[in-house]
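Below is data29.txt, holding compact mmCIF, C-alpha atoms and all ligand atoms.
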# COMPACT_ATOMS: atom_id res chain seq x y z
CA MET A 1 -0.38 10.57 -59.32
CA LYS A 2 -0.16 14.36 -58.86
CA ARG A 3 0.69 15.77 -55.44
CA ILE A 4 -0.59 19.26 -54.65
CA GLY A 5 0.49 21.11 -51.49
CA ILE A 6 -1.73 23.75 -49.89
CA LEU A 7 -1.03 26.29 -47.15
CA THR A 8 -2.53 29.42 -45.59
CA SER A 9 -0.16 32.20 -44.54
CA GLY A 10 -0.23 35.64 -42.89
CA GLY A 11 -2.99 37.17 -40.76
CA ASP A 12 -6.12 35.03 -40.98
CA CYS A 13 -9.58 36.08 -42.13
CA ALA A 14 -12.97 34.54 -42.69
CA GLY A 15 -13.20 32.45 -45.86
CA LEU A 16 -9.82 30.69 -45.67
CA ASN A 17 -11.41 27.34 -44.90
CA SER A 18 -14.02 27.66 -47.62
CA ALA A 19 -11.33 28.65 -50.15
CA VAL A 20 -9.22 25.60 -49.21
CA TYR A 21 -12.38 23.47 -49.43
CA SER A 22 -13.11 24.74 -52.93
CA VAL A 23 -9.57 24.14 -54.22
CA ALA A 24 -9.31 20.66 -52.70
CA LYS A 25 -12.79 19.40 -53.56
CA THR A 26 -12.42 20.60 -57.16
CA LEU A 27 -9.06 18.89 -57.54
CA TYR A 28 -10.34 15.62 -56.03
CA GLN A 29 -13.42 15.73 -58.23
CA GLU A 30 -11.79 16.74 -61.51
CA MET A 31 -8.48 14.87 -61.42
CA ASP A 32 -8.23 11.10 -61.70
CA ASP A 33 -5.24 10.60 -59.51
CA VAL A 34 -4.41 13.37 -57.06
CA GLU A 35 -3.29 13.73 -53.47
CA ILE A 36 -3.64 16.95 -51.46
CA ILE A 37 -0.91 17.64 -48.93
CA GLY A 38 -1.97 20.04 -46.18
CA ILE A 39 0.95 22.15 -44.94
CA TYR A 40 0.46 23.53 -41.42
CA ASP A 41 1.34 26.99 -40.07
CA GLY A 42 1.91 28.64 -43.43
CA TYR A 43 5.39 28.66 -44.95
CA THR A 44 6.77 27.54 -41.57
CA GLY A 45 5.24 24.10 -42.21
CA LEU A 46 7.08 23.88 -45.50
CA ILE A 47 10.34 24.91 -43.85
CA ASP A 48 9.88 22.42 -40.98
CA LEU A 49 8.03 19.73 -42.96
CA ASN A 50 4.85 19.81 -40.90
CA THR A 51 2.43 18.25 -43.37
CA GLN A 52 -0.35 15.72 -43.71
CA VAL A 53 -2.11 14.03 -46.59
CA LEU A 54 -5.73 15.24 -46.61
CA LYS A 55 -8.52 13.02 -47.93
CA PRO A 56 -11.80 14.35 -49.38
CA HIS A 57 -13.64 13.73 -46.08
CA ASP A 58 -11.14 15.99 -44.24
CA PHE A 59 -12.74 18.98 -45.95
CA GLU A 60 -16.33 18.30 -44.91
CA GLY A 61 -18.03 21.07 -42.95
CA LEU A 62 -15.33 23.65 -43.73
CA VAL A 63 -17.41 26.06 -45.82
CA SER A 64 -18.96 27.76 -42.81
CA LYS A 65 -16.00 27.61 -40.41
CA GLY A 66 -13.98 30.69 -39.47
CA GLY A 67 -10.18 30.77 -39.11
CA THR A 68 -8.02 28.26 -40.95
CA PHE A 69 -7.80 24.61 -40.01
CA LEU A 70 -4.32 24.59 -41.62
CA ARG A 71 -3.35 27.34 -39.13
CA SER A 72 -1.21 30.32 -40.11
CA ILE A 73 1.99 32.12 -39.19
CA ARG A 74 3.34 35.38 -40.57
CA GLN A 75 6.57 34.84 -42.50
CA SER A 76 8.79 37.90 -42.78
CA PHE A 77 9.89 38.44 -46.38
CA LYS A 78 13.02 40.25 -45.19
CA THR A 79 14.51 37.12 -43.60
CA ILE A 80 13.41 34.58 -46.19
CA ASP A 81 16.64 34.56 -48.17
CA ILE A 82 19.12 35.06 -45.32
CA LYS A 83 21.52 32.11 -44.99
CA ASP A 84 21.91 30.44 -41.59
CA GLU A 85 25.19 29.17 -40.10
CA ASN A 86 25.06 26.22 -42.54
CA GLY A 87 24.63 28.51 -45.52
CA VAL A 88 20.97 27.54 -46.02
CA SER A 89 18.11 30.06 -46.16
CA LYS A 90 14.42 29.47 -45.41
CA ALA A 91 13.74 29.78 -49.14
CA ASP A 92 16.37 27.07 -49.81
CA LYS A 93 14.66 24.80 -47.28
CA MET A 94 11.26 25.37 -48.87
CA VAL A 95 12.60 24.54 -52.34
CA ALA A 96 14.27 21.39 -50.99
CA ASN A 97 11.17 20.28 -49.06
CA TYR A 98 8.89 20.92 -52.05
CA GLN A 99 11.08 18.44 -53.90
CA LYS A 100 11.25 16.04 -50.96
CA LEU A 101 7.44 16.03 -50.75
CA LYS A 102 7.40 15.37 -54.52
CA LEU A 103 4.92 18.19 -55.03
CA ASP A 104 3.71 19.01 -58.52
CA ALA A 105 2.27 22.34 -57.40
CA LEU A 106 1.82 24.49 -54.31
CA VAL A 107 -1.35 26.49 -53.65
CA VAL A 108 -0.86 29.38 -51.21
CA LEU A 109 -3.59 31.52 -49.67
CA GLY A 110 -2.46 34.82 -48.28
CA GLY A 111 -2.01 38.57 -48.39
CA ASN A 112 0.76 40.83 -49.61
CA GLY A 113 3.60 39.22 -47.64
CA THR A 114 2.49 35.77 -48.74
CA HIS A 115 2.41 36.88 -52.37
CA LYS A 116 5.95 38.28 -52.13
CA VAL A 117 7.25 34.96 -50.81
CA ALA A 118 5.19 33.09 -53.43
CA ASN A 119 6.78 35.18 -56.17
CA LEU A 120 10.27 34.42 -54.86
CA LEU A 121 9.52 30.68 -54.69
CA SER A 122 8.06 30.80 -58.18
CA GLN A 123 11.26 32.44 -59.43
CA ARG A 124 13.13 29.61 -57.73
CA GLY A 125 11.22 27.09 -59.86
CA LEU A 126 8.24 26.07 -57.69
CA ASN A 127 4.85 25.72 -59.41
CA ILE A 128 2.71 28.22 -57.51
CA VAL A 129 -0.93 29.25 -57.67
CA ALA A 130 -1.99 31.85 -55.08
CA LEU A 131 -5.33 33.14 -53.79
CA PRO A 132 -5.81 36.70 -52.44
CA LYS A 133 -7.02 36.86 -48.85
CA THR A 134 -7.06 39.69 -46.36
CA ILE A 135 -9.50 41.90 -44.50
CA ASP A 136 -7.38 44.84 -45.71
CA ASN A 137 -8.43 44.42 -49.39
CA ASP A 138 -4.98 45.71 -50.39
CA ILE A 139 -3.71 43.19 -52.94
CA PHE A 140 -2.76 44.93 -56.15
CA GLY A 141 -4.54 43.75 -59.30
CA THR A 142 -7.69 42.35 -57.72
CA GLU A 143 -10.85 44.32 -57.07
CA GLU A 144 -11.58 42.43 -53.87
CA THR A 145 -9.81 40.04 -51.55
CA PHE A 146 -11.79 37.39 -49.73
CA GLY A 147 -12.36 37.95 -46.01
CA TYR A 148 -12.99 41.64 -46.68
CA ASP A 149 -16.77 41.38 -47.05
CA THR A 150 -17.11 39.52 -43.75
CA ALA A 151 -14.86 42.01 -41.95
CA VAL A 152 -16.91 44.95 -43.26
CA GLN A 153 -20.07 43.33 -41.89
CA VAL A 154 -18.44 42.62 -38.50
CA GLY A 155 -17.29 46.26 -38.37
CA VAL A 156 -20.75 47.57 -39.27
CA ASP A 157 -22.47 45.38 -36.65
CA TYR A 158 -19.94 46.60 -34.08
CA ILE A 159 -20.56 50.26 -34.91
CA GLU A 160 -24.33 49.82 -34.72
CA ARG A 161 -23.88 48.60 -31.15
CA ILE A 162 -21.58 51.51 -30.36
CA ARG A 163 -24.16 53.90 -31.83
CA THR A 164 -26.88 53.04 -29.29
CA THR A 165 -24.59 53.56 -26.29
CA ALA A 166 -23.18 56.75 -27.87
CA GLN A 167 -26.74 58.06 -28.19
CA SER A 168 -27.65 57.12 -24.61
CA HIS A 169 -24.64 58.94 -23.16
CA SER A 170 -24.31 61.81 -25.64
CA ARG A 171 -20.78 60.75 -26.41
CA VAL A 172 -18.33 60.96 -29.26
CA PHE A 173 -16.96 57.54 -30.19
CA LEU A 174 -13.78 56.92 -32.13
CA VAL A 175 -13.93 53.42 -33.60
CA GLU A 176 -10.54 52.11 -34.69
CA ILE A 177 -10.67 49.76 -37.67
CA MET A 178 -7.75 47.56 -38.76
CA GLY A 179 -5.70 48.39 -41.81
CA ASN A 180 -2.17 49.51 -41.11
CA LYS A 181 -1.31 50.76 -44.60
CA VAL A 182 -4.61 51.22 -46.41
CA GLY A 183 -8.07 52.36 -45.38
CA TRP A 184 -10.39 50.17 -47.48
CA LEU A 185 -11.89 48.42 -44.48
CA ALA A 186 -12.36 51.68 -42.55
CA LEU A 187 -13.90 53.37 -45.60
CA SER A 188 -16.40 50.58 -46.37
CA THR A 189 -17.28 50.05 -42.71
CA GLY A 190 -17.64 53.78 -42.10
CA VAL A 191 -19.79 54.46 -45.16
CA ALA A 192 -22.02 51.44 -44.54
CA SER A 193 -22.67 52.58 -40.98
CA ALA A 194 -23.11 56.24 -41.94
CA ALA A 195 -20.24 57.42 -39.76
CA ASP A 196 -19.88 61.17 -39.37
CA THR A 197 -16.16 61.25 -40.09
CA ILE A 198 -13.74 58.68 -41.52
CA ILE A 199 -10.00 59.12 -41.05
CA LEU A 200 -7.86 57.19 -43.53
CA PRO A 201 -4.14 56.65 -44.17
CA GLU A 202 -4.69 57.85 -47.75
CA ILE A 203 -6.02 61.24 -46.55
CA PRO A 204 -3.85 62.76 -43.80
CA TYR A 205 -6.10 64.59 -41.37
CA SER A 206 -5.89 67.96 -39.69
CA ILE A 207 -7.07 67.94 -36.08
CA GLU A 208 -8.43 71.47 -36.53
CA ARG A 209 -10.64 70.27 -39.39
CA VAL A 210 -11.75 67.13 -37.53
CA SER A 211 -12.70 69.27 -34.52
CA GLN A 212 -14.49 71.93 -36.60
CA ASP A 213 -16.54 69.27 -38.38
CA LEU A 214 -17.33 67.54 -35.10
CA LYS A 215 -18.50 70.83 -33.56
CA LYS A 216 -20.97 71.23 -36.46
CA ILE A 217 -22.14 67.61 -36.14
CA LEU A 218 -22.81 68.09 -32.43
CA THR A 219 -25.07 71.05 -33.14
CA LYS A 220 -27.35 68.65 -35.05
CA LYS A 221 -27.30 65.56 -32.82
CA ASN A 222 -26.11 64.51 -29.38
CA TYR A 223 -23.45 61.99 -30.42
CA ALA A 224 -20.95 61.28 -33.18
CA ILE A 225 -19.17 58.28 -34.67
CA ILE A 226 -15.70 58.80 -36.08
CA VAL A 227 -14.09 55.81 -37.79
CA VAL A 228 -10.29 55.85 -37.65
CA SER A 229 -8.19 53.54 -39.76
CA GLU A 230 -5.38 51.97 -37.72
CA GLY A 231 -2.75 53.37 -40.12
CA ALA A 232 -4.07 56.95 -40.30
CA TYR A 233 -1.80 59.91 -39.62
CA SER A 234 -2.06 63.69 -39.43
CA LYS A 235 -0.81 66.23 -41.94
CA ASP A 236 1.89 67.12 -39.40
CA GLU A 237 3.01 63.48 -39.21
CA LYS A 238 3.13 63.14 -42.99
CA LYS A 239 6.82 63.96 -43.23
CA LEU A 240 7.70 61.19 -40.76
CA LYS A 241 8.37 57.56 -41.65
CA ASN A 242 5.96 55.01 -40.17
CA LYS A 243 8.38 53.95 -37.39
CA GLU A 244 9.16 57.57 -36.51
CA ARG A 245 5.43 58.31 -36.24
CA LEU A 246 4.87 55.39 -33.86
CA LEU A 247 7.85 56.43 -31.75
CA ALA A 248 6.73 60.06 -31.57
CA ARG A 249 3.25 58.95 -30.48
CA GLN A 250 4.66 56.57 -27.88
CA GLU A 251 6.85 59.33 -26.47
CA ALA A 252 3.73 61.50 -26.18
CA GLY A 253 2.03 58.67 -24.27
CA PHE A 254 -0.33 57.40 -27.00
CA SER A 255 -0.62 53.73 -27.90
CA SER A 256 -2.36 54.50 -31.20
CA VAL A 257 -3.36 57.30 -33.54
CA THR A 258 -6.93 56.88 -32.29
CA GLU A 259 -5.91 57.60 -28.68
CA LYS A 260 -4.05 60.67 -29.89
CA ILE A 261 -7.06 62.02 -31.82
CA ALA A 262 -9.34 61.29 -28.85
CA GLN A 263 -7.22 63.38 -26.50
CA GLU A 264 -6.81 66.19 -28.99
CA ILE A 265 -10.57 66.39 -29.57
CA ASN A 266 -11.20 66.40 -25.83
CA GLU A 267 -8.71 69.23 -25.36
CA LYS A 268 -10.10 71.29 -28.22
CA LEU A 269 -13.85 70.82 -27.67
CA GLY A 270 -14.12 69.64 -24.07
CA VAL A 271 -16.49 66.83 -25.09
CA GLU A 272 -16.50 63.33 -23.70
CA VAL A 273 -14.73 60.98 -26.11
CA ARG A 274 -14.42 57.20 -25.99
CA VAL A 275 -12.27 54.87 -28.07
CA ALA A 276 -13.67 51.49 -29.16
CA ILE A 277 -11.62 48.86 -31.00
CA PRO A 278 -13.09 45.70 -32.56
CA GLY A 279 -9.51 44.61 -33.39
CA HIS A 280 -8.99 40.97 -34.35
CA ALA A 281 -12.73 40.25 -34.11
CA LEU A 282 -12.80 41.73 -37.63
CA ARG A 283 -10.86 38.66 -38.77
CA GLY A 284 -12.80 36.11 -36.77
CA GLY A 285 -15.98 34.12 -37.06
CA GLU A 286 -17.90 32.56 -39.90
CA PRO A 287 -17.54 33.93 -43.43
CA SER A 288 -20.44 35.91 -44.91
CA ALA A 289 -22.51 34.19 -47.60
CA ARG A 290 -20.83 36.48 -50.13
CA ASP A 291 -17.33 35.47 -49.00
CA ARG A 292 -18.38 31.79 -49.11
CA ASN A 293 -19.57 32.14 -52.69
CA TYR A 294 -16.58 34.26 -53.68
CA THR A 295 -14.08 31.76 -52.25
CA MET A 296 -15.97 28.96 -53.98
CA LYS A 297 -15.37 30.68 -57.32
CA LEU A 298 -11.78 31.71 -56.58
CA GLY A 299 -10.94 28.19 -55.40
CA SER A 300 -12.40 26.51 -58.43
CA VAL A 301 -10.52 28.84 -60.81
CA ALA A 302 -7.31 28.27 -58.81
CA ALA A 303 -7.79 24.50 -59.07
CA GLY A 304 -8.36 24.91 -62.83
CA LEU A 305 -5.03 26.75 -63.12
CA VAL A 306 -3.30 23.90 -61.27
CA MET A 307 -4.87 21.34 -63.65
CA ASP A 308 -3.94 23.43 -66.70
CA GLU A 309 -0.43 23.87 -65.27
CA VAL A 310 -0.60 27.67 -65.33
CA PHE A 311 1.84 28.62 -62.59
CA GLY A 312 3.44 31.72 -61.08
CA VAL A 313 -0.02 33.29 -60.83
CA THR A 314 -2.64 34.49 -58.37
CA VAL A 315 -6.38 34.45 -58.97
CA ALA A 316 -8.01 37.88 -59.14
CA LEU A 317 -11.26 39.72 -59.67
CA VAL A 318 -10.83 42.08 -62.62
CA ASN A 319 -13.78 44.01 -64.09
CA GLY A 320 -16.11 41.72 -62.15
CA LYS A 321 -14.67 38.53 -63.65
CA ILE A 322 -12.38 35.99 -62.00
CA THR A 323 -9.12 35.70 -63.85
CA PHE A 324 -5.46 35.64 -62.80
CA ASN A 325 -2.42 37.91 -62.54
CA HIS A 326 1.23 36.93 -62.76
CA LEU A 327 2.87 37.05 -59.34
CA SER A 328 5.79 39.00 -60.78
CA ASP A 329 3.37 41.75 -61.91
CA ILE A 330 1.67 42.27 -58.58
CA ALA A 331 4.00 41.21 -55.74
CA GLY A 332 5.07 44.10 -53.52
CA LYS A 333 2.78 46.65 -55.16
CA ALA A 334 0.42 48.85 -53.15
CA LYS A 335 -3.33 49.31 -53.66
CA PRO A 336 -4.32 52.51 -51.87
CA ILE A 337 -7.73 54.20 -52.12
CA LEU A 338 -7.57 56.76 -54.91
CA GLU A 339 -9.26 60.17 -54.69
CA ASN A 340 -11.63 59.22 -57.54
CA ASP A 341 -12.71 55.95 -55.89
CA PRO A 342 -16.51 55.76 -56.33
CA LEU A 343 -17.18 54.94 -52.66
CA LEU A 344 -14.97 57.78 -51.47
CA GLU A 345 -16.66 60.19 -53.89
CA ALA A 346 -20.12 59.02 -52.79
CA ALA A 347 -19.14 59.43 -49.14
CA ARG A 348 -18.03 63.02 -49.78
CA HIS A 349 -21.28 63.70 -51.65
CA VAL A 350 -23.43 62.59 -48.71
CA GLY A 351 -21.43 64.81 -46.37
CA ILE A 352 -19.14 62.36 -44.58
CA SER A 353 -16.08 64.30 -43.47
CA PHE A 354 -12.53 62.99 -43.96
CA GLY A 355 -10.86 65.54 -41.72
CA ASP A 356 -8.73 66.95 -44.57
O1 LIG A 401 -3.13 42.21 -42.48
C1 LIG A 401 -4.31 42.08 -41.79
C2 LIG A 401 -4.22 42.75 -40.44
O2 LIG A 401 -5.39 42.35 -39.77
C3 LIG A 401 -4.08 44.25 -40.46
O3 LIG A 401 -5.26 44.93 -40.75
C4 LIG A 401 -3.55 44.52 -39.07
O4 LIG A 401 -2.85 45.72 -39.03
C5 LIG A 401 -2.67 43.33 -38.83
O5 LIG A 401 -3.14 42.30 -39.67
C6 LIG A 401 -2.62 42.83 -37.42
O6 LIG A 401 -1.69 41.82 -37.35
P1 LIG A 401 -1.46 40.79 -36.16
O7 LIG A 401 -2.39 39.63 -36.38
O8 LIG A 401 -0.05 40.38 -36.32
O9 LIG A 401 -1.78 41.50 -34.89
Rewrite the structure from the file as structure tokens, please.
Amino acid sequence: MKRIGILTSGGDCAGLNSAVYSVAKTLYQEMDDVEIIGIYDGYTGLIDLNTQVLKPHDFEGLVSKGGTFLRSIRQSFKTIDIKDENGVSKADKMVANYQKLKLDALVVLGGNGTHKVANLLSQRGLNIVALPKTIDNDIFGTEETFGYDTAVQVGVDYIERIRTTAQSHSRVFLVEIMGNKVGWLALSTGVASAADTIILPEIPYSIERVSQDLKKILTKKNYAIIVVSEGAYSKDEKKLKNKERLLARQEAGFSSVTEKIAQEINEKLGVEVRVAIPGHALRGGEPSARDRNYTMKLGSVAAGLVMDEVFGVTVALVNGKITFNHLSDIAGKAKPILENDPLLEAARHVGISFGD
């Protein structure tokens, strides 16, 4: 009998349940003697031993469900190897509990933080297979993370609703899209909804340029949509570290970069500006058909890796094919939008401004 643990960690997204479904159903179907152990609340459930044996019928109906039935908690990588008063770290507890549960492998679904912890546990001898999830699409070595496609669609639907009210009231709307380090979600959402301007962390903006471009846009139509990535910053803020930027904004009375840009535009052009934030709704709800199919493929390849005992890896989309990367090659690496990204280039060609 093989015992396979499975957990979901970090910020949730659509497609987690269908990915778990795919891994578990494949393992139950393809292996003669296997037991799936669901671990609740991400790595916390492995630290605290909050687990349950899951039977094939426990996975029924999961393909279309949003969220994660295994629940999720963010686990800070910084504290993972810090010893407590008894000289035991969280990583030590996870290694011990993996053994106590008599696991043969652990499947983890998560984003960058999850992959860093997975890599550490793999180096400590655990048999790990990971799957790349996040609305941010920022996992190095894979062309797309699951959950991203759904989030783009949610963002586009949201902006289309904002557009009609912007038109009615002749207003400028700043729509803030999640992504604290990278702008993939803002870029795809903005391009797909034909936003006028997209402000990204990869392209520091100048408020003069944003305002000039907006002035031109408002000579052609009565409203404008500016998409702002949550992690964007100005050319002036470039020299500051992330924490310093947040502090400086707070001191100036702004809760976000979007609020700051809104006020600056209002001061410069005297136009009415509104901020709209879909926020966590981008992570919620049912997965798109594409994310369902994608997670089905990722999950079945991940299960195959477990059966073939290929560990210390994460499944990935490379050149349109599903394969895997070694955790040690990708953990902790960034995946920003590059200047020659085809979508960014296309957006510039059709006249979308980036405020740079
Ligand atoms: O990592 C995904 C993400 O949704 C980011 O885009 C966002 O900045 C962050 O999580 C929000 O995190 P929390 O759920 O802790 O508010």
Find the axis-aligned box for ligand LIG 401 (chain A), covering all its listed atoms and adding 8 Å on each side, and write its centre and edge lengths in Å to one decimal as lines of an AutoDock Vina configuration file.
center_x = -2.7
center_y = 42.7
center_z = -38.7
size_x = 21.3
size_y = 22.1
size_z = 23.6
List as an NGL selection string the protein and nucleic acid residues near stretch 15-28 of chain A, meaning an atom at most 7 Å away when all atoms listed in the file are counted, but skip any in the same chain fewer than 5 places from it.
:A and (34 or 36 or 56 or 59 or 62-69 or 146-147 or 287 or 291-292 or 295-296 or 299-300 or 302-303)
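Interatomic distance, atom CA of A:Ser193 to atom CA of A:Gly351: 13.4 Å.
The residue set within 10 Å of stretch 330-332 of chain A, counting only C-alpha atoms and dropping same-chain residues fewer than 3 places from it, reads Gly111, Asn112, Gly113, Thr114, His115, Lys116, Val117, Ala118, Asn119, Leu120, Ile139, Phe140, Gly141, Thr142, Val313, Thr314, Asn325, His326, Leu327 and Lys335 of chain A.
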At a cut-off of 6 Å, using only C-alpha atoms, what residues contact stretch 260-276 of chain A? Leave out same-chain residues fewer than 4 positions from it and give the result as a PyMOL selection string.
chain A and resi 171-175+254
Nearest to ligand LIG 401 (chain A) by atom-to-atom distance, counting all atoms listed in the file, from A:Ala281, A:Ile225, A:Val53, A:Leu126
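Among the listed residues, the smallest separation from ligand LIG 401 (chain A) belongs to A:Ala281.
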Please find the residues contacting ligand LIG 401 (chain A) at a distance of at most 12 Å between atoms, with all atoms listed in the file counted, and report them as a PDB file with C-alpha atoms, in the frame of the given file.
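Result saved to pocket00.pdb:
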ATOM      1  CA  SER A   9      -0.160  32.200 -44.540  1.00  0.00           C
ATOM      2  CA  GLY A  10      -0.230  35.640 -42.890  1.00  0.00           C
ATOM      3  CA  GLY A  11      -2.990  37.170 -40.760  1.00  0.00           C
ATOM      4  CA  ASP A  12      -6.120  35.030 -40.980  1.00  0.00           C
ATOM      5  CA  CYS A  13      -9.580  36.080 -42.130  1.00  0.00           C
ATOM      6  CA  ALA A  14     -12.970  34.540 -42.690  1.00  0.00           C
ATOM      7  CA  SER A  72      -1.210  30.320 -40.110  1.00  0.00           C
ATOM      8  CA  ILE A  73       1.990  32.120 -39.190  1.00  0.00           C
ATOM      9  CA  ARG A  74       3.340  35.380 -40.570  1.00  0.00           C
ATOM     10  CA  GLN A  75       6.570  34.840 -42.500  1.00  0.00           C
ATOM     11  CA  SER A  76       8.790  37.900 -42.780  1.00  0.00           C
ATOM     12  CA  GLY A 110      -2.460  34.820 -48.280  1.00  0.00           C
ATOM     13  CA  GLY A 111      -2.010  38.570 -48.390  1.00  0.00           C
ATOM     14  CA  ASN A 112       0.760  40.830 -49.610  1.00  0.00           C
ATOM     15  CA  GLY A 113       3.600  39.220 -47.640  1.00  0.00           C
ATOM     16  CA  THR A 114       2.490  35.770 -48.740  1.00  0.00           C
ATOM     17  CA  PRO A 132      -5.810  36.700 -52.440  1.00  0.00           C
ATOM     18  CA  LYS A 133      -7.020  36.860 -48.850  1.00  0.00           C
ATOM     19  CA  THR A 134      -7.060  39.690 -46.360  1.00  0.00           C
ATOM     20  CA  ILE A 135      -9.500  41.900 -44.500  1.00  0.00           C
ATOM     21  CA  ASP A 136      -7.380  44.840 -45.710  1.00  0.00           C
ATOM     22  CA  ASN A 137      -8.430  44.420 -49.390  1.00  0.00           C
ATOM     23  CA  ASP A 138      -4.980  45.710 -50.390  1.00  0.00           C
ATOM     24  CA  ILE A 139      -3.710  43.190 -52.940  1.00  0.00           C
ATOM     25  CA  THR A 145      -9.810  40.040 -51.550  1.00  0.00           C
ATOM     26  CA  PHE A 146     -11.790  37.390 -49.730  1.00  0.00           C
ATOM     27  CA  GLY A 147     -12.360  37.950 -46.010  1.00  0.00           C
ATOM     28  CA  TYR A 148     -12.990  41.640 -46.680  1.00  0.00           C
ATOM     29  CA  ALA A 151     -14.860  42.010 -41.950  1.00  0.00           C
ATOM     30  CA  VAL A 152     -16.910  44.950 -43.260  1.00  0.00           C
ATOM     31  CA  GLU A 176     -10.540  52.110 -34.690  1.00  0.00           C
ATOM     32  CA  ILE A 177     -10.670  49.760 -37.670  1.00  0.00           C
ATOM     33  CA  MET A 178      -7.750  47.560 -38.760  1.00  0.00           C
ATOM     34  CA  GLY A 179      -5.700  48.390 -41.810  1.00  0.00           C
ATOM     35  CA  ASN A 180      -2.170  49.510 -41.110  1.00  0.00           C
ATOM     36  CA  LYS A 181      -1.310  50.760 -44.600  1.00  0.00           C
ATOM     37  CA  VAL A 182      -4.610  51.220 -46.410  1.00  0.00           C
ATOM     38  CA  GLY A 183      -8.070  52.360 -45.380  1.00  0.00           C
ATOM     39  CA  TRP A 184     -10.390  50.170 -47.480  1.00  0.00           C
ATOM     40  CA  LEU A 185     -11.890  48.420 -44.480  1.00  0.00           C
ATOM     41  CA  ALA A 186     -12.360  51.680 -42.550  1.00  0.00           C
ATOM     42  CA  SER A 229      -8.190  53.540 -39.760  1.00  0.00           C
ATOM     43  CA  GLU A 230      -5.380  51.970 -37.720  1.00  0.00           C
ATOM     44  CA  GLY A 231      -2.750  53.370 -40.120  1.00  0.00           C
ATOM     45  CA  ALA A 232      -4.070  56.950 -40.300  1.00  0.00           C
ATOM     46  CA  SER A 256      -2.360  54.500 -31.200  1.00  0.00           C
ATOM     47  CA  PRO A 278     -13.090  45.700 -32.560  1.00  0.00           C
ATOM     48  CA  GLY A 279      -9.510  44.610 -33.390  1.00  0.00           C
ATOM     49  CA  HIS A 280      -8.990  40.970 -34.350  1.00  0.00           C
ATOM     50  CA  ALA A 281     -12.730  40.250 -34.110  1.00  0.00           C
ATOM     51  CA  LEU A 282     -12.800  41.730 -37.630  1.00  0.00           C
ATOM     52  CA  ARG A 283     -10.860  38.660 -38.770  1.00  0.00           C
ATOM     53  CA  GLY A 284     -12.800  36.110 -36.770  1.00  0.00           C
TER      54      GLY A 284
END
Work out how far atom CA of A:Leu200 is from atom CA of A:Asp149, in Å to one decimal.
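Taking atom CA of A:Asp149 as the start and atom CA of A:Leu200 as the end point, the length is 18.5 Å.
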So which residues touch A:Tyr233 within 9 Å, counting only C-alpha atoms, skipping near sequence neighbours fewer than 6 positions away, as a VMD selection string?
chain A and resid 199 to 205 245 257
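Among A:Glu60, A:Asp104, A:Glu251, A:Glu244, the residue with the shortest atom-to-atom distance to A:Glu35, counting all atoms listed in the file, is A:Asp104.
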For A:Ile6, the closest of A:Val108, A:Ile80, A:Leu46, A:Leu101 counting only C-alpha atoms is A:Val108
In Å, how far is it from atom CA of A:Leu187 to atom CA of A:Leu344?
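These atoms are spaced 7.4 Å apart.
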